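**Student:** Dropping in query.cif, with mmCIF, C-alpha atoms.
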data_start
loop_
_atom_site.label_atom_id
_atom_site.label_comp_id
_atom_site.auth_asym_id
_atom_site.auth_seq_id
_atom_site.Cartn_x
_atom_site.Cartn_y
_atom_site.Cartn_z
CA MET A 1 53.69 54.51 157.48
CA LYS A 2 57.42 55.21 157.23
CA LYS A 3 59.30 55.97 160.44
CA PHE A 4 61.30 59.01 161.52
CA LEU A 5 65.02 58.35 161.81
CA ILE A 6 66.47 59.97 164.94
CA LEU A 7 70.25 60.37 164.88
CA GLN A 8 72.08 61.02 168.13
CA MET A 9 75.75 61.69 168.86
CA ARG A 10 75.98 62.04 172.64
CA PRO A 11 78.38 59.50 174.20
CA GLU A 12 76.90 60.20 177.65
CA ASP A 13 74.07 57.70 178.15
CA GLU A 14 72.04 59.86 180.54
CA ALA A 15 72.10 62.87 178.20
CA ALA A 16 71.40 60.74 175.12
CA LYS A 17 68.40 59.05 176.73
CA SER A 18 66.96 62.33 177.96
CA GLU A 19 67.44 64.04 174.59
CA PHE A 20 65.75 61.14 172.79
CA GLU A 21 62.76 61.27 175.12
CA ALA A 22 62.55 65.06 174.69
CA LEU A 23 62.57 64.77 170.90
CA MET A 24 59.80 62.17 171.12
CA ARG A 25 57.73 64.14 173.62
CA VAL A 26 57.98 67.55 171.97
CA GLY A 27 57.66 66.15 168.46
CA GLY A 28 54.58 64.17 169.44
CA LEU A 29 56.16 60.93 168.26
CA GLU A 30 55.24 57.43 169.37
CA ARG A 31 57.83 54.68 169.88
CA ASN A 32 56.59 52.75 166.88
CA GLU A 33 57.13 55.80 164.67
CA VAL A 34 60.87 56.13 165.19
CA HIS A 35 64.14 54.36 164.54
CA ARG A 36 66.89 55.58 166.85
CA ILE A 37 70.60 55.37 165.99
CA ARG A 38 73.38 56.53 168.31
CA LEU A 39 76.13 57.44 165.88
CA GLU A 40 78.87 57.40 168.50
CA LYS A 41 78.33 53.67 168.95
CA GLU A 42 80.12 51.31 166.59
CA PRO A 43 79.41 50.33 163.92
CA ILE A 44 77.19 52.90 162.17
CA PRO A 45 74.73 50.85 160.12
CA VAL A 46 74.11 51.37 156.43
CA ILE A 47 71.08 53.66 156.14
CA ASP A 48 68.54 53.53 153.34
CA ILE A 49 66.90 56.95 153.61
CA HIS A 50 63.97 55.79 151.49
CA GLU A 51 62.84 53.66 154.42
CA TYR A 52 62.08 56.83 156.39
CA SER A 53 59.74 59.78 156.16
CA ALA A 54 62.26 62.25 157.62
CA ILE A 55 65.46 62.53 159.66
CA ILE A 56 66.00 64.37 162.96
CA ALA A 57 69.54 64.92 164.29
CA GLY A 58 70.25 66.07 167.84
CA GLY A 59 73.11 67.77 169.65
CA SER A 60 76.59 66.69 170.67
CA PRO A 61 79.56 67.70 172.83
CA PHE A 62 81.87 67.37 169.81
CA ASP A 63 83.21 70.63 168.38
CA ILE A 64 83.38 70.71 164.59
CA SER A 65 85.66 73.75 164.55
CA ILE A 66 88.60 72.27 166.48
CA PRO A 67 91.73 71.21 164.53
CA GLU A 68 91.50 67.82 162.84
CA GLU A 69 94.40 66.42 164.87
CA LYS A 70 92.45 67.05 168.08
CA LYS A 71 89.36 65.15 166.96
CA SER A 72 88.80 61.65 168.27
CA PRO A 73 88.25 58.71 165.90
CA VAL A 74 84.59 58.69 167.00
CA GLN A 75 84.11 62.34 166.09
CA LYS A 76 85.83 61.89 162.72
CA ARG A 77 83.62 58.91 161.98
CA ILE A 78 80.50 60.93 162.77
CA GLU A 79 81.61 63.84 160.61
CA ASP A 80 82.33 61.49 157.70
CA PHE A 81 78.90 59.94 158.18
CA PHE A 82 77.16 63.30 157.87
CA ILE A 83 79.04 64.17 154.70
CA GLU A 84 77.84 60.92 153.15
CA LEU A 85 74.31 61.49 154.47
CA PHE A 86 74.09 65.01 153.05
CA ASP A 87 75.46 63.75 149.74
CA LEU A 88 72.31 61.61 149.64
CA ILE A 89 69.63 63.92 151.02
CA VAL A 90 70.56 67.38 149.70
CA PRO A 91 70.26 66.53 145.97
CA ILE A 92 66.78 65.07 146.48
CA ASP A 93 65.68 67.60 149.14
CA PHE A 94 64.91 64.84 151.65
CA PRO A 95 63.32 66.11 154.91
CA PHE A 96 65.92 66.75 157.61
CA PHE A 97 65.89 68.66 160.89
CA GLY A 98 69.19 69.22 162.69
CA ALA A 99 69.41 70.93 166.10
CA CYS A 100 72.67 72.44 167.40
CA SER A 101 75.29 69.92 166.21
CA GLY A 102 72.98 68.94 163.38
CA ASN A 103 73.04 72.62 162.45
CA GLY A 104 76.84 72.72 162.51
CA HIS A 105 77.25 69.62 160.36
CA LEU A 106 74.80 70.92 157.76
CA GLY A 107 76.26 74.43 157.79
CA LYS A 108 79.80 73.15 157.26
CA TYR A 109 78.67 70.81 154.50
CA CYS A 110 76.96 73.69 152.71
CA GLY A 111 80.08 75.85 152.80
CA THR A 112 79.97 78.20 155.78
CA THR A 113 82.66 78.32 158.42
CA ILE A 114 81.98 77.10 161.95
CA SER A 115 83.75 78.94 164.76
CA ASN A 116 83.36 80.19 168.33
CA THR A 117 82.61 83.73 167.15
CA TYR A 118 78.93 83.41 168.02
CA ALA A 119 79.09 81.03 170.98
CA GLU A 120 76.26 81.48 173.48
CA PRO A 121 76.13 80.68 177.20
CA ILE A 122 73.55 78.26 178.52
CA GLY A 123 70.12 79.82 178.93
CA ASN A 124 67.36 81.58 177.02
CA VAL A 125 67.75 84.07 174.18
CA ASP A 126 65.26 86.10 172.18
CA VAL A 127 65.26 85.08 168.51
CA THR A 128 63.51 86.80 165.60
CA ILE A 129 61.88 85.31 162.52
CA SER A 130 63.07 86.83 159.23
CA ASP A 131 60.77 87.98 156.43
CA ALA A 132 61.53 84.74 154.61
CA GLY A 133 60.84 82.78 157.79
CA LYS A 134 57.37 84.27 158.11
CA LYS A 135 56.44 82.42 154.93
CA ASP A 136 57.92 79.09 155.95
CA PRO A 137 55.39 76.39 156.92
CA LEU A 138 57.24 75.61 160.16
CA LEU A 139 57.18 79.24 161.29
CA LYS A 140 54.13 80.84 159.69
CA ASP A 141 51.95 82.77 162.19
CA LEU A 142 54.33 82.24 165.11
CA PRO A 143 55.31 85.33 167.13
CA GLN A 144 58.01 87.21 165.25
CA THR A 145 60.21 87.27 168.37
CA PHE A 146 60.22 84.47 170.92
CA THR A 147 62.45 82.76 173.46
CA ALA A 148 64.60 79.72 172.68
CA TRP A 149 67.05 77.53 174.61
CA VAL A 150 70.71 77.85 173.65
CA GLY A 151 74.11 76.77 174.89
CA HIS A 152 76.92 76.17 172.41
CA LYS A 153 80.63 76.78 171.93
CA GLU A 154 80.44 77.24 168.15
CA ALA A 155 78.01 78.25 165.41
CA CYS A 156 77.76 79.16 161.74
CA ASP A 157 79.66 82.37 160.99
CA HIS A 158 77.33 83.17 158.09
CA THR A 159 74.20 81.82 156.46
CA PRO A 160 75.39 78.91 154.28
CA PRO A 161 75.56 79.61 150.52
CA GLY A 162 72.23 78.83 148.90
CA ALA A 163 70.39 78.68 152.24
CA GLU A 164 67.48 80.80 153.42
CA LEU A 165 67.97 82.46 156.81
CA LEU A 166 64.77 81.89 158.79
CA ILE A 167 65.60 82.97 162.35
CA SER A 168 68.31 85.18 163.80
CA SER A 169 69.35 86.80 167.08
CA LYS A 170 71.73 89.52 168.17
CA PRO A 171 74.18 87.15 169.91
CA CYS A 172 74.09 84.57 167.09
CA PRO A 173 72.97 85.72 163.61
CA VAL A 174 72.30 82.23 162.20
CA GLN A 175 69.74 80.60 164.49
CA MET A 176 67.76 78.72 161.84
CA PHE A 177 68.15 78.17 158.12
CA ARG A 178 66.65 76.05 155.37
CA ILE A 179 68.21 74.37 152.36
CA LYS A 180 65.84 73.97 149.39
CA LYS A 181 62.33 73.29 150.74
CA ASN A 182 62.68 70.48 153.26
CA ILE A 183 66.12 70.59 154.92
CA TYR A 184 66.21 72.55 158.18
CA ALA A 185 68.69 73.34 160.92
CA THR A 186 68.44 75.28 164.18
CA GLN A 187 71.24 76.47 166.44
CA PHE A 188 68.79 76.55 169.36
CA HIS A 189 67.25 73.47 170.97
CA PRO A 190 63.51 73.23 170.20
CA GLU A 191 63.25 69.96 172.10
CA ALA A 192 64.55 71.33 175.40
CA ASP A 193 63.03 72.68 178.59
CA ALA A 194 64.47 73.72 181.96
CA ASN A 195 64.71 70.15 183.25
CA GLU A 196 66.54 69.03 180.11
CA PHE A 197 69.07 71.84 180.40
CA ILE A 198 69.58 71.23 184.13
CA LEU A 199 70.45 67.62 183.30
CA ARG A 200 72.88 68.77 180.60
CA ILE A 201 74.50 71.28 182.97
CA ASN A 202 75.22 68.43 185.36
CA VAL A 203 76.42 66.05 182.65
CA TYR A 204 78.57 68.56 180.78
CA ARG A 205 79.90 70.70 183.63
CA HIS A 206 83.50 69.75 182.73
CA TYR A 207 83.15 70.07 178.95
CA GLY A 208 84.06 73.74 178.59
CA TYR A 209 80.59 75.26 178.19
CA PHE A 210 81.02 77.10 181.50
CA SER A 211 83.22 77.06 184.59
CA PRO A 212 82.28 74.01 186.72
CA GLY A 213 81.81 76.26 189.72
CA GLU A 214 79.05 78.13 187.90
CA ALA A 215 76.78 75.08 187.60
CA GLY A 216 74.64 75.87 190.62
CA GLU A 217 74.22 79.48 189.59
CA LEU A 218 73.21 78.46 186.06
CA ILE A 219 70.66 75.97 187.35
CA HIS A 220 69.13 78.57 189.64
CA ALA A 221 68.94 81.07 186.77
CA ILE A 222 67.11 78.75 184.35
CA LYS A 223 65.00 76.51 186.61
CA ASP A 224 61.79 78.49 186.04
CA SER A 225 62.44 79.46 182.41
CA LYS A 226 60.13 78.42 179.57
CA ALA A 227 60.36 78.53 175.78
CA PRO A 228 57.09 77.09 174.43
CA VAL A 229 57.11 78.68 170.96
CA SER A 230 60.33 77.01 169.84
CA LYS A 231 58.81 73.60 170.61
CA GLU A 232 56.08 74.27 168.07
CA ILE A 233 58.71 74.28 165.31
CA LEU A 234 59.67 70.67 166.00
CA ARG A 235 56.02 69.66 166.34
CA ARG A 236 55.26 71.20 162.95
CA PHE A 237 58.19 69.43 161.32
CA VAL A 238 56.92 66.07 162.55
CA LYS A 239 53.34 66.83 161.56
CA ARG A 240 54.37 68.06 158.11
CA TYR A 241 56.43 65.02 157.19
CA ARG A 242 54.61 62.27 159.06
CA SER A 243 52.29 61.63 156.12
CA LYS A 244 54.35 62.88 153.17
CA LYS A 245 56.07 60.51 150.77
CA PHE A 246 59.46 61.21 149.25
#
What's the structure tokens form of this structure?

**Tutor:**
Amino acid sequence: MKKFLILQMRPEDEAAKSEFEALMRVGGLERNEVHRIRLEKEPIPVIDIHEYSAIIAGGSPFDISIPEEKKSPVQKRIEDFFIELFDLIVPIDFPFFGACSGNGHLGKYCGTTISNTYAEPIGNVDVTISDAGKKDPLLKDLPQTFTAWVGHKEACDHTPPGAELLISSKPCPVQMFRIKKNIYATQFHPEADANEFILRINVYRHYGYFSPGEAGELIHAIKDSKAPVSKEILRRFVKRYRSKKF
């Protein structure tokens, strides 16, 4: 059986480790089913996508929308990597699931602008499945409106050209979209729970997501929050592509 390729881009070891474990746990993946690559580490290896059944890309503190001159060499290298990756996977409709930063990279590649227009504070938000989303195998028969974990400084301004909008919300219109049949991206974090977000609040308290003095208040506000439906989306992606051959 081919493995899932998990791509990460969090330079902070504690956050990267926790995100990886969350992706594994929520996706229902075993260690022998995955190959993990931290893209912020040098060098990025040459990837043969045909060795994998699907690709999952996580979040990142890097902001795609900032001016090029303000981007670090590491961020530029990661962005170049994703352009090359999408050049490979989009033409053949290779299975891909990008959450948060993965969403931004795919959205930009497909031609939409990424900005802070639809930034969302850390916490839960109600999202709604579109009519097209109701027919998608990852979303079919889920509640039309459910709660998801968010926290981002930028997002897609519009649904990318040629993409199908699957999930939206009032604060952020593009919460999930699909390219062709097998390439997905979510602005929300289907892998996360309260403990995961509490860890990220502590790790990223000086990264501009919120005022550092608000950390305790944010933790108190989310500590008992749950978003079980969004996790089902990641589980379904893994289940759908675990046994498929591309």

**Student:** Counting all atoms listed in the file, which residues of region 24-70 of chain A fall within 12 Å of region 88-106 of chain A, and what is the closest atom pair for each with its distance in Å at one decimal, ordered by chain and rising number, as a Markdown table?

**Tutor:**
| residue | atom | partner | partner_atom | distance |
| --- | --- | --- | --- | --- |
| A:Gly27 | CA | A:Phe97 | CA | 11.5 |
| A:Ile47 | CA | A:Leu88 | CA | 10.3 |
| A:Asp48 | CA | A:Leu88 | CA | 9.7 |
| A:Ile49 | CA | A:Ile89 | CA | 7.9 |
| A:His50 | CA | A:Phe94 | CA | 9.1 |
| A:Glu51 | CA | A:Phe94 | CA | 11.7 |
| A:Tyr52 | CA | A:Pro95 | CA | 9.5 |
| A:Ser53 | CA | A:Pro95 | CA | 7.4 |
| A:Ala54 | CA | A:Pro95 | CA | 4.8 |
| A:Ile55 | CA | A:Phe96 | CA | 4.7 |
| A:Ile56 | CA | A:Phe97 | CA | 4.8 |
| A:Ala57 | CA | A:Gly98 | CA | 4.6 |
| A:Gly58 | CA | A:Ala99 | CA | 5.2 |
| A:Gly59 | CA | A:Ser101 | CA | 4.6 |
| A:Ser60 | CA | A:Ser101 | CA | 5.7 |
| A:Pro61 | CA | A:Ser101 | CA | 8.2 |
| A:Phe62 | CA | A:Ser101 | CA | 7.9 |
| A:Asp63 | CA | A:Ser101 | CA | 8.2 |
| A:Ile64 | CA | A:Gly104 | CA | 7.2 |
| A:Ser65 | CA | A:Gly104 | CA | 9.1 |

**Student:** Any chance you can output those residues with C-alpha atoms as a compact mmCIF listing (two decimals), in the coordinates of the input?

**Tutor:**
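And here's again.txt as it stands now:
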# COMPACT_ATOMS: atom_id res chain seq x y z
CA GLY A 27 57.66 66.15 168.46
CA ILE A 47 71.08 53.66 156.14
CA ASP A 48 68.54 53.53 153.34
CA ILE A 49 66.90 56.95 153.61
CA HIS A 50 63.97 55.79 151.49
CA GLU A 51 62.84 53.66 154.42
CA TYR A 52 62.08 56.83 156.39
CA SER A 53 59.74 59.78 156.16
CA ALA A 54 62.26 62.25 157.62
CA ILE A 55 65.46 62.53 159.66
CA ILE A 56 66.00 64.37 162.96
CA ALA A 57 69.54 64.92 164.29
CA GLY A 58 70.25 66.07 167.84
CA GLY A 59 73.11 67.77 169.65
CA SER A 60 76.59 66.69 170.67
CA PRO A 61 79.56 67.70 172.83
CA PHE A 62 81.87 67.37 169.81
CA ASP A 63 83.21 70.63 168.38
CA ILE A 64 83.38 70.71 164.59
CA SER A 65 85.66 73.75 164.55

**Student:** Just the residues within 12 Å of Met24 (chain A), please, counting all atoms listed in the file, with nothing from its chain fewer than 4 positions along; format it as a list of chain:residue names.

**Tutor:**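 Neighbouring residues, sequence-local ones excluded: A:Phe4, A:Leu5, A:Ile6, A:Lys17, A:Ser18, A:Glu19, A:Phe20, A:Gly28, A:Leu29, A:Glu30, A:Arg31, A:Asn32, A:Glu33, A:Val34, A:His35, A:Arg36, A:Ile56, A:Gly58, A:Pro190, A:Glu191, A:Ala192, A:Lys231, A:Leu234, A:Arg235, A:Val238.
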
**Student:** Can you spell out as a PyMOL selection string the set of residues that the PyMOL selection byres ((chain A and resi 144) around 9) selects in the structure I just provided?

**Tutor:** chain A and resi 127-130+134+139+141-143+145-146

**Student:** With the PyMOL selection byres ((chain A and resi 176) around 7) as the selection, what would be picked from this file? Answer as a PyMOL selection string, please.

**Tutor:** chain A and resi 165-168+174-175+177+185-187

**Student:** For Tyr241 (chain A), which of A:Pro137, A:Gly151, A:Pro43, A:Pro161 is the closest residue, counting only C-alpha atoms?

**Tutor:**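 Smallest distance to Tyr241 (chain A) is found for A:Pro137.
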
**Student:** Find, counting all atoms listed in the file, the residue in A:Asp80, A:Arg242, A:Cys110, A:Ile222 that gets nearest to Lys2 (chain A).

**Tutor:** A:Arg242

**Student:** Rounded to one decimal in Å, what is the spacing between CA of Arg77 (chain A) and CA of Glu40 (chain A)?

**Tutor:** 8.2 Å

**Student:** Using the chain letters and residue numbers of this document, give as a PyMOL selection string the residues selected by the PyMOL selection byres ((chain A and resi 158) around 9).

**Tutor:** chain A and resi 107+112-114+155-157+159-161+173-174

**Student:** Please determine, counting only C-alpha atoms, which residue among A:Arg10, A:His152, A:Lys226, A:Lys3 has the shortest atom-to-atom distance to Val203 (chain A).

**Tutor:**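 Of all the options, A:Arg10 lies closest to Val203 (chain A).
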
**Student:** Could you state the separation of CA of Asp224 (chain A) and CA of Ala194 (chain A) in Å, given to one decimal place?

**Tutor:** 6.8 Å

**Student:** Which residue, A:Phe197, A:Lys153, A:Arg38, A:Pro171, has the smallest gap to Ile66 (chain A) when you use all atoms listed in the file?

**Tutor:** A:Lys153

**Student:** Could you check the closest approach to Ile78 (chain A) for each of A:Glu196, A:Leu7, A:Ser230, A:Asp136 and tell me which residue wins, using all atoms listed in the file?

**Tutor:**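 Of A:Glu196, A:Leu7, A:Ser230, A:Asp136, the one nearest Ile78 (chain A) is A:Leu7, counting all atoms listed in the file.
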
**Student:** A:Lys41, A:Arg205, A:His189, A:Lys170: which is nearest Ala22 (chain A), counting only C-alpha atoms?

**Tutor:**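 Of A:Lys41, A:Arg205, A:His189, A:Lys170, the one nearest Ala22 (chain A), counting only C-alpha atoms, is A:His189.
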
**Student:** CA of Asn202 (chain A) and CA of Ala215 (chain A), how far apart in Å?

**Tutor:**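 Atom-to-atom, CA of Ala215 (chain A) and CA of Asn202 (chain A) are spaced 7.2 Å apart.
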
**Student:** Show me, as a ChimeraX atom specification, the residues that have an atom within 10 Å of Phe81 (chain A) when counting all atoms listed in the file, minus same-chain residues fewer than 5 positions from it.

**Tutor:** /A:39,44,46,75-76,86-87
